[in-house]
Amino acid sequence: MFLALREIKYSKLRFLLISIIMVLITWLVFLISGLANGLSSENASSFQNIKATHFIVQPNADKKLNRSRISEEKWVEIQKLSSPGEVTPFGQKMLSIVKQGTDHKVDIAVFATDANGFLAPDVIEGKKLRNDAQHEVVVDQSLSEKGIDIGDWIQDPDTDQKWQVVGFTKGQMYSHSPVVFMNLHDWKSIAIKQTAETTTYYNAISVKMDSLNIHTLQSQVKDIDIITKADALQNIPGYKEEQSTLNMMMVFLFVIASFVQAVFFYVITLQKTSMYGVLKAIGASTAKLTRSLVVQMLFIIVLVILCSIGLSYGAQALISSSVPFQLEVGTIALFSGLFFIVSIIGSLLSLYQILKIDAVEAIGRVE
Amino acid sequence: MSGKVVLENISKWYGEGATFVKAVDQVSLHVQKGEFVAIIGPSGSGKSTLLSIMGALLSPSEGRFLLDNQDVTKFTKNEMAQVRLEKIGFIFQSSNLVSFLSVRDQLLLVSKLAGKKEKEAKQKSDQLLERVGLFHRRNHYPEQLSGGEKQRVAIARAWMNDPELILADEPTASLDSKRGRDIVEMIAKEVKSRGKSAIMVTHDERVLDLCDRVLMIKDGQLSERVATHI
């Protein structure tokens, strides 16, 4: 501690500069992770919050719900083989709608489900979704930012079908669009009218059961594929691509940050070789010298992490709500921990230098 | 015959076969309490090796080195570091102060390494700085000091843990004759007043009159030289 902190105090500028670089990089990592979180929740919060464990899809649909078609007959067959409450049909379609009386189009994702099933949304305002009502929808509250409120009618300009918004739900986004929940009766009218098919289909059957029962079901029904909730999430159009791009950026920043820090400490350790020789000669043990270096690195990294966390929350407060940005305590803790561990590993390079220095070198040398 | 510092038939050699070099050859030396010994010799004569052995930095290939009745040659590396910290004070060729520590912290570092109490260490460092005439410069950094001042700090640092033996490696090398003489006088005075031992390796003939004994090393062998000025 004695040496570590006094050196930082004496070489303020040097340590300040490296800290600023580290803070900027760490801050950027946190910002990107916030953006990744925000985008992921904007893209797929409906699937992150979904209560299903698995989805039954068509075998050749490439695990993508939007490509999959499950016929009414198959649904009836599956229903017979499972207990009530374990399965529920799921229809999904992307639409562009307008608020009745305006011509401003808004992209939405239609989710059709049994209003009494486990996929039915929790309503935070207004009425719940009902099976016996016609042309009623419950929508994600972000639609209110587009001027659509409870009681308003929304309309598909291509087919002129209309639905009345009766309730708001929250945390229901799919493919960057707010989700509009409707019952299966209304689903039939859009599913049939908009495709060449004459019978009703669903995109998938959502399932809530343990994996043992799932296997039994799979062996009993022909021509189905069962995917997990995580698979379904990864296969939302654009989700995997978006997340992997951001993750790659974060990995690179991690590598850069750890190298910058490791190299900085390596170079200043090399500069201090003669000093370490003298300190060893006057009786400082290698353990004490390495402890001093590690304390110094940890002091800097803790300060850097704290600054970056502060700056990230500051940025979150300043960024407008239209930007998908969401910091998660878990992610920040994970990255902080990683930075901490990586800098300890980086210090090994410098520790090796200190180990190598022989105290005898202090004798008979002119500076 | 006993003393603070006893070297018995110390030898140090390096390499083998064609590269075999005997740097120190059968050296025996006794230094008493309050005695200030100078070792002179041409470069390559084994001065530095001998100093490293007496400084517990290097183990001899052969022979015994007793410091304050302890056989240092039997010690492990860590024990040697402990001996250096507690029993030996070093004064190096070019002071070798830690660049980022203030004059006072240079001294406190030594007691900190030895795990001594801070309050006592502060008193002690202030006393020592007073004695070398640098108390008013205690908050300055090495870069703000002259060569002579740095060397005085190094002397104060060497005394910090109250060592039995002071080893000086050409302490006057980077100083002019006036300042060099001041420094050696200071070492001599401290050695006498504290009743400790000091060994100085030097090239500087002008300060030899301040030493009690002058030894000459040549090709690794030590011999007594009759001092002319005593």
# chains A, B, ... in the order shown; residues from 1 in each chain; ligands from 1

$ residues_around --residues "Leu50 in chain B" --least-positions-apart "4" --cutoff "9 Å" --atoms "only C-alpha atoms" --output "PyMOL selection string"
chain B and resi 10-12+23-24+27+46+54-55+58+60+220

$ closest_atom_pairs --of "chain B" --to "chain A" --cutoff "8 Å" --atoms "only C-alpha atoms" --output "tab-separated table"
residue	atom	partner	partner_atom	distance
B:Ser48	CA	A:Gly364	CA	6.1
B:Leu51	CA	A:Ile363	CA	7.9
B:Ser52	CA	A:Val360	CA	6.4
B:Leu57	CA	A:Val360	CA	5.7
B:Leu58	CA	A:Val360	CA	7.0
B:Asn78	CA	A:Ser285	CA	7.0
B:Ala81	CA	A:Gly283	CA	4.6
B:Gln82	CA	A:Gly283	CA	6.0
B:Val83	CA	A:Gly283	CA	7.4
B:Arg84	CA	A:Gly283	CA	4.9
B:Leu85	CA	A:Gly283	CA	4.2
B:Glu86	CA	A:Gly283	CA	7.9
B:Ile88	CA	A:Ile282	CA	7.8
B:Gly89	CA	A:Ile282	CA	7.1
B:Phe90	CA	A:Ile282	CA	6.6
B:Phe92	CA	A:Ile363	CA	6.9
B:Gln93	CA	A:Val366	CA	6.4
B:Ser94	CA	A:Val366	CA	6.1
B:Asn96	CA	A:Val278	CA	6.7
B:Leu97	CA	A:Met275	CA	7.7
B:Val98	CA	A:Met275	CA	6.3
B:Phe100	CA	A:Glu7	CA	5.5
B:Leu101	CA	A:Arg6	CA	6.7
B:Leu109	CA	A:Phe2	CA	7.4
B:Val110	CA	A:Ile282	CA	7.8
B:Leu113	CA	A:Ala284	CA	6.2
B:Asp169	CA	A:Gly364	CA	6.7
B:Glu170	CA	A:Gly364	CA	7.9

$ select_by_dssp --residues "range 4-228 of chain B" --states "helix (DSSP H, G or I)" --output "PyMOL selection string"
chain B and resi 17-19+47-54+72-74+77-87+103-113+118-131+135-137+142-144+147-159+177-194+205-210

$ write_last_selection --atoms "C-alpha atoms" --output "PDB file, in the first residue's frame"
ATOM      1  CA  GLY B  17      35.892 -25.672 -17.288  1.00  0.00           C
ATOM      2  CA  ALA B  18      37.084 -23.024 -19.727  1.00  0.00           C
ATOM      3  CA  THR B  19      34.769 -20.359 -18.327  1.00  0.00           C
ATOM      4  CA  LYS B  47      35.303  -5.860  -5.062  1.00  0.00           C
ATOM      5  CA  SER B  48      31.657  -5.994  -6.070  1.00  0.00           C
ATOM      6  CA  THR B  49      31.407  -9.736  -5.538  1.00  0.00           C
ATOM      7  CA  LEU B  50      32.904  -9.442  -2.088  1.00  0.00           C
ATOM      8  CA  LEU B  51      30.545  -6.601  -1.246  1.00  0.00           C
ATOM      9  CA  SER B  52      27.577  -8.645  -2.486  1.00  0.00           C
ATOM     10  CA  ILE B  53      28.580 -11.531  -0.225  1.00  0.00           C
ATOM     11  CA  MET B  54      29.000  -9.273   2.790  1.00  0.00           C
ATOM     12  CA  VAL B  72      24.488 -15.964   7.035  1.00  0.00           C
ATOM     13  CA  THR B  73      25.845 -18.573   4.597  1.00  0.00           C
ATOM     14  CA  LYS B  74      23.332 -21.093   5.942  1.00  0.00           C
ATOM     15  CA  LYS B  77      16.886 -16.363   0.227  1.00  0.00           C
ATOM     16  CA  ASN B  78      14.056 -15.042   2.358  1.00  0.00           C
ATOM     17  CA  GLU B  79      16.126 -15.151   5.530  1.00  0.00           C
ATOM     18  CA  MET B  80      18.888 -13.299   3.698  1.00  0.00           C
ATOM     19  CA  ALA B  81      16.393 -10.603   2.734  1.00  0.00           C
ATOM     20  CA  GLN B  82      15.414 -10.347   6.383  1.00  0.00           C
ATOM     21  CA  VAL B  83      19.081 -10.013   7.403  1.00  0.00           C
ATOM     22  CA  ARG B  84      19.560  -7.252   4.827  1.00  0.00           C
ATOM     23  CA  LEU B  85      16.531  -5.455   6.140  1.00  0.00           C
ATOM     24  CA  GLU B  86      17.449  -5.654   9.824  1.00  0.00           C
ATOM     25  CA  LYS B  87      21.218  -5.932  10.059  1.00  0.00           C
ATOM     26  CA  VAL B 103      12.848  12.283   1.464  1.00  0.00           C
ATOM     27  CA  ARG B 104      10.999  11.351   4.625  1.00  0.00           C
ATOM     28  CA  ASP B 105       9.102   8.480   2.938  1.00  0.00           C
ATOM     29  CA  GLN B 106      12.413   7.019   1.709  1.00  0.00           C
ATOM     30  CA  LEU B 107      13.252   6.465   5.361  1.00  0.00           C
ATOM     31  CA  LEU B 108       9.776   5.402   6.434  1.00  0.00           C
ATOM     32  CA  LEU B 109       9.705   2.773   3.679  1.00  0.00           C
ATOM     33  CA  VAL B 110      12.582   0.912   5.346  1.00  0.00           C
ATOM     34  CA  SER B 111      10.834   0.728   8.714  1.00  0.00           C
ATOM     35  CA  LYS B 112       7.572  -0.125   6.950  1.00  0.00           C
ATOM     36  CA  LEU B 113       9.232  -3.077   5.235  1.00  0.00           C
ATOM     37  CA  GLU B 118       4.778   4.254  12.399  1.00  0.00           C
ATOM     38  CA  LYS B 119       5.004   6.734  15.224  1.00  0.00           C
ATOM     39  CA  GLU B 120       8.465   5.622  16.325  1.00  0.00           C
ATOM     40  CA  ALA B 121       9.583   5.458  12.708  1.00  0.00           C
ATOM     41  CA  LYS B 122       8.555   9.066  12.171  1.00  0.00           C
ATOM     42  CA  GLN B 123      10.487  10.254  15.187  1.00  0.00           C
ATOM     43  CA  LYS B 124      13.485   8.257  14.116  1.00  0.00           C
ATOM     44  CA  SER B 125      13.400   9.512  10.529  1.00  0.00           C
ATOM     45  CA  ASP B 126      13.149  13.118  11.715  1.00  0.00           C
ATOM     46  CA  GLN B 127      16.156  12.610  13.993  1.00  0.00           C
ATOM     47  CA  LEU B 128      18.207  11.043  11.214  1.00  0.00           C
ATOM     48  CA  LEU B 129      17.306  13.761   8.735  1.00  0.00           C
ATOM     49  CA  GLU B 130      18.281  16.347  11.343  1.00  0.00           C
ATOM     50  CA  ARG B 131      21.676  14.681  11.723  1.00  0.00           C
ATOM     51  CA  PHE B 135      15.205  18.018   7.906  1.00  0.00           C
ATOM     52  CA  HIS B 136      14.095  21.168   6.073  1.00  0.00           C
ATOM     53  CA  ARG B 137      14.056  19.168   2.797  1.00  0.00           C
ATOM     54  CA  PRO B 142      14.885  13.051  -5.155  1.00  0.00           C
ATOM     55  CA  GLU B 143      14.709  14.989  -8.425  1.00  0.00           C
ATOM     56  CA  GLN B 144      14.723  18.227  -6.432  1.00  0.00           C
ATOM     57  CA  GLY B 147      23.862  14.696  -5.748  1.00  0.00           C
ATOM     58  CA  GLY B 148      25.320  15.323  -2.285  1.00  0.00           C
ATOM     59  CA  GLU B 149      21.897  15.720  -0.721  1.00  0.00           C
ATOM     60  CA  LYS B 150      20.706  12.473  -2.301  1.00  0.00           C
ATOM     61  CA  GLN B 151      23.704  10.662  -0.889  1.00  0.00           C
ATOM     62  CA  ARG B 152      22.967  12.113   2.555  1.00  0.00           C
ATOM     63  CA  VAL B 153      19.412  10.802   2.300  1.00  0.00           C
ATOM     64  CA  ALA B 154      20.864   7.404   1.369  1.00  0.00           C
ATOM     65  CA  ILE B 155      23.038   7.524   4.503  1.00  0.00           C
ATOM     66  CA  ALA B 156      20.045   8.374   6.659  1.00  0.00           C
ATOM     67  CA  ARG B 157      18.093   5.551   4.995  1.00  0.00           C
ATOM     68  CA  ALA B 158      20.932   3.104   5.671  1.00  0.00           C
ATOM     69  CA  TRP B 159      20.761   3.902   9.414  1.00  0.00           C
ATOM     70  CA  SER B 177      35.845  15.975  -3.894  1.00  0.00           C
ATOM     71  CA  LYS B 178      34.492  18.400  -1.304  1.00  0.00           C
ATOM     72  CA  ARG B 179      31.051  16.773  -1.135  1.00  0.00           C
ATOM     73  CA  GLY B 180      32.554  13.290  -1.386  1.00  0.00           C
ATOM     74  CA  ARG B 181      34.684  13.972   1.633  1.00  0.00           C
ATOM     75  CA  ASP B 182      31.692  15.345   3.564  1.00  0.00           C
ATOM     76  CA  ILE B 183      29.782  12.166   2.886  1.00  0.00           C
ATOM     77  CA  VAL B 184      32.551   9.848   4.018  1.00  0.00           C
ATOM     78  CA  GLU B 185      33.135  11.988   7.097  1.00  0.00           C
ATOM     79  CA  MET B 186      29.498  11.635   7.909  1.00  0.00           C
ATOM     80  CA  ILE B 187      29.656   7.837   7.595  1.00  0.00           C
ATOM     81  CA  ALA B 188      32.793   7.722   9.752  1.00  0.00           C
ATOM     82  CA  LYS B 189      31.220   9.908  12.429  1.00  0.00           C
ATOM     83  CA  GLU B 190      28.075   7.797  12.617  1.00  0.00           C
ATOM     84  CA  VAL B 191      30.045   4.552  12.791  1.00  0.00           C
ATOM     85  CA  LYS B 192      32.081   5.865  15.732  1.00  0.00           C
ATOM     86  CA  SER B 193      29.186   7.337  17.653  1.00  0.00           C
ATOM     87  CA  ARG B 194      26.970   4.281  17.272  1.00  0.00           C
ATOM     88  CA  GLU B 205      42.119   7.698  -2.595  1.00  0.00           C
ATOM     89  CA  ARG B 206      41.362  11.135  -1.107  1.00  0.00           C
ATOM     90  CA  VAL B 207      39.007   9.825   1.542  1.00  0.00           C
ATOM     91  CA  LEU B 208      41.042   6.858   2.725  1.00  0.00           C
ATOM     92  CA  ASP B 209      42.511   8.845   5.632  1.00  0.00           C
ATOM     93  CA  LEU B 210      39.052   8.848   7.203  1.00  0.00           C
TER      94      LEU B 210
END

$ select_by_dssp --residues "range 98-276 of chain A" --states "strand (DSSP E)" --output "tab-separated table (two decimals) with N, CA and C atoms, in the first residue's frame"
chain	number	residue	atom	x	y	z
A	98	VAL	N	-53.27	1.15	-38.92
A	98	VAL	CA	-53.43	2.58	-38.66
A	98	VAL	C	-54.48	2.74	-37.56
A	99	LYS	N	-54.40	3.85	-36.85
A	99	LYS	CA	-55.48	4.18	-35.94
A	99	LYS	C	-56.63	4.68	-36.80
A	105	LYS	N	-49.16	4.79	-40.54
A	105	LYS	CA	-49.04	3.34	-40.33
A	105	LYS	C	-48.10	3.00	-39.17
A	106	VAL	N	-48.45	1.98	-38.46
A	106	VAL	CA	-47.63	1.50	-37.34
A	106	VAL	C	-47.44	0.00	-37.51
A	107	ASP	N	-46.18	-0.45	-37.36
A	107	ASP	CA	-45.95	-1.91	-37.43
A	107	ASP	C	-46.30	-2.56	-36.10
A	108	ILE	N	-47.01	-3.65	-36.18
A	108	ILE	CA	-47.33	-4.39	-34.97
A	108	ILE	C	-47.08	-5.88	-35.20
A	109	ALA	N	-47.02	-6.63	-34.09
A	109	ALA	CA	-46.95	-8.08	-34.19
A	109	ALA	C	-48.23	-8.63	-33.57
A	110	VAL	N	-48.98	-9.38	-34.35
A	110	VAL	CA	-50.20	-9.97	-33.82
A	110	VAL	C	-49.84	-11.29	-33.14
A	111	PHE	N	-50.27	-11.44	-31.90
A	111	PHE	CA	-50.15	-12.72	-31.20
A	111	PHE	C	-51.57	-13.21	-30.95
A	112	ALA	N	-51.89	-14.37	-31.46
A	112	ALA	CA	-53.23	-14.89	-31.23
A	112	ALA	C	-53.13	-16.08	-30.29
A	113	THR	N	-54.00	-16.08	-29.29
A	113	THR	CA	-53.94	-17.17	-28.32
A	113	THR	C	-55.28	-17.33	-27.62
A	125	GLU	N	-53.88	-2.16	-17.59
A	125	GLU	CA	-54.88	-1.10	-17.64
A	125	GLU	C	-55.98	-1.56	-18.58
A	126	GLY	N	-57.23	-1.32	-18.24
A	126	GLY	CA	-58.34	-1.71	-19.11
A	126	GLY	C	-58.82	-3.11	-18.83
A	136	GLU	N	-61.83	-7.55	-30.25
A	136	GLU	CA	-61.22	-6.88	-29.10
A	136	GLU	C	-59.76	-7.30	-29.01
A	137	VAL	N	-58.87	-6.32	-28.77
A	137	VAL	CA	-57.45	-6.66	-28.62
A	137	VAL	C	-56.86	-6.00	-27.38
A	138	VAL	N	-55.85	-6.67	-26.83
A	138	VAL	CA	-55.06	-6.09	-25.74
A	138	VAL	C	-53.68	-5.82	-26.34
A	139	VAL	N	-53.16	-4.60	-26.15
A	139	VAL	CA	-51.93	-4.22	-26.85
A	139	VAL	C	-50.84	-3.81	-25.86
A	140	ASP	N	-49.60	-3.85	-26.32
A	140	ASP	CA	-48.48	-3.39	-25.49
A	140	ASP	C	-48.60	-1.88	-25.29
A	153	TRP	N	-60.03	2.42	-32.10
A	153	TRP	CA	-60.08	1.30	-33.06
A	153	TRP	C	-58.82	1.33	-33.92
A	154	ILE	N	-58.26	0.15	-34.13
A	154	ILE	CA	-57.15	0.08	-35.07
A	154	ILE	C	-57.59	-0.74	-36.27
A	155	GLN	N	-56.95	-0.49	-37.41
A	155	GLN	CA	-57.47	-1.02	-38.66
A	155	GLN	C	-56.32	-1.49	-39.53
A	162	LYS	N	-61.09	-4.41	-38.48
A	162	LYS	CA	-60.92	-3.46	-37.38
A	162	LYS	C	-60.96	-4.17	-36.04
A	163	TRP	N	-60.19	-3.64	-35.09
A	163	TRP	CA	-60.24	-4.17	-33.73
A	163	TRP	C	-60.23	-3.01	-32.76
A	164	GLN	N	-60.91	-3.21	-31.63
A	164	GLN	CA	-60.91	-2.16	-30.62
A	164	GLN	C	-59.92	-2.50	-29.52
A	165	VAL	N	-59.12	-1.50	-29.13
A	165	VAL	CA	-58.16	-1.71	-28.04
A	165	VAL	C	-58.94	-1.65	-26.73
A	166	VAL	N	-58.88	-2.77	-25.96
A	166	VAL	CA	-59.62	-2.77	-24.69
A	166	VAL	C	-58.69	-2.77	-23.48
A	167	GLY	N	-57.43	-3.08	-23.69
A	167	GLY	CA	-56.54	-3.10	-22.53
A	167	GLY	C	-55.09	-2.95	-22.94
A	168	PHE	N	-54.27	-2.54	-21.95
A	168	PHE	CA	-52.82	-2.43	-22.17
A	168	PHE	C	-52.11	-3.51	-21.37
A	169	THR	N	-51.06	-4.05	-21.96
A	169	THR	CA	-50.18	-4.95	-21.24
A	169	THR	C	-48.79	-4.35	-21.35
A	173	MET	N	-42.91	-6.99	-26.59
A	173	MET	CA	-42.41	-6.53	-27.88
A	173	MET	C	-41.92	-7.75	-28.65
A	174	TYR	N	-42.08	-7.70	-29.94
A	174	TYR	CA	-41.61	-8.80	-30.78
A	174	TYR	C	-41.07	-8.21	-32.06
A	177	SER	N	-41.43	-4.57	-32.63
A	177	SER	CA	-42.79	-4.04	-32.78
A	177	SER	C	-43.61	-4.39	-31.55
A	178	PRO	N	-44.56	-3.52	-31.20
A	178	PRO	CA	-45.43	-3.84	-30.08
A	178	PRO	C	-46.36	-5.00	-30.43
A	179	VAL	N	-46.69	-5.82	-29.44
A	179	VAL	CA	-47.53	-6.98	-29.69
A	179	VAL	C	-48.99	-6.61	-29.47
A	180	VAL	N	-49.84	-7.10	-30.38
A	180	VAL	CA	-51.29	-6.94	-30.24
A	180	VAL	C	-51.87	-8.34	-30.03
A	181	PHE	N	-52.48	-8.55	-28.85
A	181	PHE	CA	-53.04	-9.87	-28.54
A	181	PHE	C	-54.49	-9.94	-29.00
A	182	MET	N	-54.84	-11.04	-29.66
A	182	MET	CA	-56.26	-11.23	-30.03
A	182	MET	C	-56.64	-12.68	-29.74
A	201	TYR	N	-54.91	-22.27	-39.48
A	201	TYR	CA	-53.63	-22.82	-39.04
A	201	TYR	C	-53.15	-22.00	-37.85
A	202	TYR	N	-52.21	-22.57	-37.14
A	202	TYR	CA	-51.50	-21.80	-36.11
A	202	TYR	C	-50.03	-21.86	-36.46
A	204	ALA	N	-47.66	-22.18	-34.14
A	204	ALA	CA	-47.03	-23.13	-33.23
A	204	ALA	C	-48.02	-23.49	-32.14
A	205	ILE	N	-47.71	-24.54	-31.43
A	205	ILE	CA	-48.46	-24.86	-30.22
A	205	ILE	C	-47.50	-24.61	-29.06
A	206	SER	N	-47.85	-23.70	-28.16
A	206	SER	CA	-46.96	-23.50	-27.03
A	206	SER	C	-47.26	-24.54	-25.97
A	207	VAL	N	-46.20	-24.96	-25.33
A	207	VAL	CA	-46.29	-26.08	-24.41
A	207	VAL	C	-45.69	-25.67	-23.08
A	225	ASP	N	-41.91	-30.86	-34.72
A	225	ASP	CA	-40.59	-30.58	-34.22
A	225	ASP	C	-40.83	-29.82	-32.91
A	226	ILE	N	-40.07	-30.15	-31.88
A	226	ILE	CA	-40.27	-29.42	-30.63
A	226	ILE	C	-39.01	-28.60	-30.32
A	227	ILE	N	-39.20	-27.30	-30.14
A	227	ILE	CA	-38.04	-26.44	-29.84
A	227	ILE	C	-38.25	-25.81	-28.47
A	228	THR	N	-37.14	-25.44	-27.85
A	228	THR	CA	-37.24	-24.82	-26.52
A	228	THR	C	-37.54	-23.33	-26.68

$ atom_distance --atom1 "CA of Lys4 in chain B" --atom2 "CA of Phe36 in chain B"
11.7 Å

$ closest_residue --among "A:Ile56, A:Leu270, A:Val295, A:Ile301" --to "Ala257 in chain A" --atoms "only C-alpha atoms"
A:Ile301

$ atom_distance --atom1 "CA of Ala114 in chain B" --atom2 "CA of Gly195 in chain B"
22.0 Å

$ residues_around --residues "range 327-332 of chain A" --least-positions-apart "6" --cutoff "7 Å" --atoms "only C-alpha atoms" --output "MDAnalysis selection string"
chainID A and resid 30 34 37

$ atom_distance --atom1 "CA of Lys12 in chain A" --atom2 "CA of Leu31 in chain A"
27.3 Å

$ residues_around --residues "Leu246 in chain A" --least-positions-apart "5" --cutoff "9 Å" --atoms "only C-alpha atoms" --output "VMD selection string"
chain A and resid 32 to 33 35 to 36 241 251

$ residues_around --residues "Glu224 in chain B" --least-positions-apart "5" --cutoff "9 Å" --atoms "only C-alpha atoms" --output "count of residues only"
5
